[in-house]
Amino acid sequence: MERLTARLMIEALAPSSHGDWAYGWGPVSARTARHMHWHLFEPDPRDRPDDYVARRNGWIDGPGQNVGVSAFGGERRVTELSFELSRPDHRGAVFDALRAEGAGLELLRESEDFVEYRLSIAERHPANLMAIEHCTSPRSAAAQRCWTIYTLRFDG
């Protein structure tokens with residue numbers, strides 16, 4: 001799943017030849033549709049405040065696991081994609097898969113449960129990639145559950 005998630009992150013990055021429309025709902029949908037179960041469509045601008053944030057949800061199928069994917073944005077463009085992997089310790093594997101695809105990761109910030117990189121690859125617009133690890137309390141009545149959320153934030 002880590003390799004497929006990394007591949008989708010790279011495909012979501014707009015080609016550098018694309019202009020202001022590169023992160024419109026339609027172009028992002030076209031770049032990601034072959035791996036995703038979702039339909040990205042523009043939000044209806046009627047009766048919406050200027051700061052309205054639309055959310056569209058989908059998933060990537062994988063052997064024994066799905067990855068939840070959400071797109072966020074305004075009336076005209078997608079501003080970020082988030083990827084939720086339901087097991088802990090994915091960070092290294094996803095970042096290794098991105099590097100194996102030829103992507104560069106420049107460290108911007110890091111803490112115990114958070115890391116942010118500048119993701120770049122030839123002939124694509126760069127973006128910021130954040131990863132946050134979450135866990136339920138170890139004292140929870142149910143077993144402890146951990147997951148990682150990656151957020152790919154597009155420039156502009």
# chains A, B, ... in the order shown; residues from 1 in each chain; ligands from 1
$ residues_around --residues "A:Gly68" --least-positions-apart "5" --cutoff "9 Å" --atoms "only C-alpha atoms" --output "list in words"
Asn57, Gly58, Trp59, Ile60, Ser82, Phe83, Glu84, Leu85 and Ser86 of chain A
$ residues_around --residues "A:Ser17" --least-positions-apart "4" --cutoff "12 Å" --atoms "only C-alpha atoms" --output "list in words"
Leu13, Trp21, Ala22, Ala122, Glu123, Arg124 and His125 of chain A
$ write_last_selection --atoms "C-alpha atoms" --output "PDB file, in the first residue's frame"
ATOM      1  CA  LEU A  13       1.226  16.744  -8.423  1.00  0.00           C
ATOM      2  CA  TRP A  21      -5.946  25.626 -13.539  1.00  0.00           C
ATOM      3  CA  ALA A  22      -3.556  22.757 -12.631  1.00  0.00           C
ATOM      4  CA  ALA A 122      11.094  16.389 -12.146  1.00  0.00           C
ATOM      5  CA  GLU A 123       8.529  18.075 -14.394  1.00  0.00           C
ATOM      6  CA  ARG A 124       5.926  18.446 -11.607  1.00  0.00           C
ATOM      7  CA  HIS A 125       4.963  21.332  -9.348  1.00  0.00           C
TER       8      HIS A 125
END
$ residues_around --residues "stretch 150-153 of chain A" --least-positions-apart "6" --cutoff "8 Å" --atoms "only C-alpha atoms" --output "number ranges by chain"
A: 9, 79-84, 127-132
$ select_by_dssp --residues "stretch 13-126 of chain A" --states "strand (DSSP E or B)" --output "PyMOL selection string"
chain A and resi 15+24+37+54-62+65-73+77-85+104-110+114-120+124
$ closest_residue --among "A:Ile121, A:Val115, A:Leu40, A:Cys146" --to "A:Glu101" --atoms "only C-alpha atoms"
A:Ile121
$ select_by_dssp --residues "stretch 10-137 of chain A" --states "helix (DSSP H, G or I)" --output "PyMOL selection string"
chain A and resi 10-12+20-23+25-32+91-100
$ closest_residue --among "A:Ala12, A:Val67, A:Val53, A:Leu108" --to "A:Arg87" --atoms "only C-alpha atoms"
A:Val67
$ atom_distance --atom1 "atom CA of A:Val78" --atom2 "atom CA of A:Gly24"
5.9 Å
$ atom_distance --atom1 "atom CA of A:Glu42" --atom2 "atom CA of A:Leu98"
28.6 Å
$ atom_distance --atom1 "atom CA of A:Asn66" --atom2 "atom CA of A:Cys135"
18.1 Å
$ closest_residue --among "A:Tyr23, A:Ile149, A:Arg109, A:Arg3" --to "A:Ser70" --atoms "only C-alpha atoms"
A:Ile149
$ closest_residue --among "A:Gly102, A:Pro43, A:Pro27, A:Pro15" --to "A:Phe72" --atoms "only C-alpha atoms"
A:Pro43
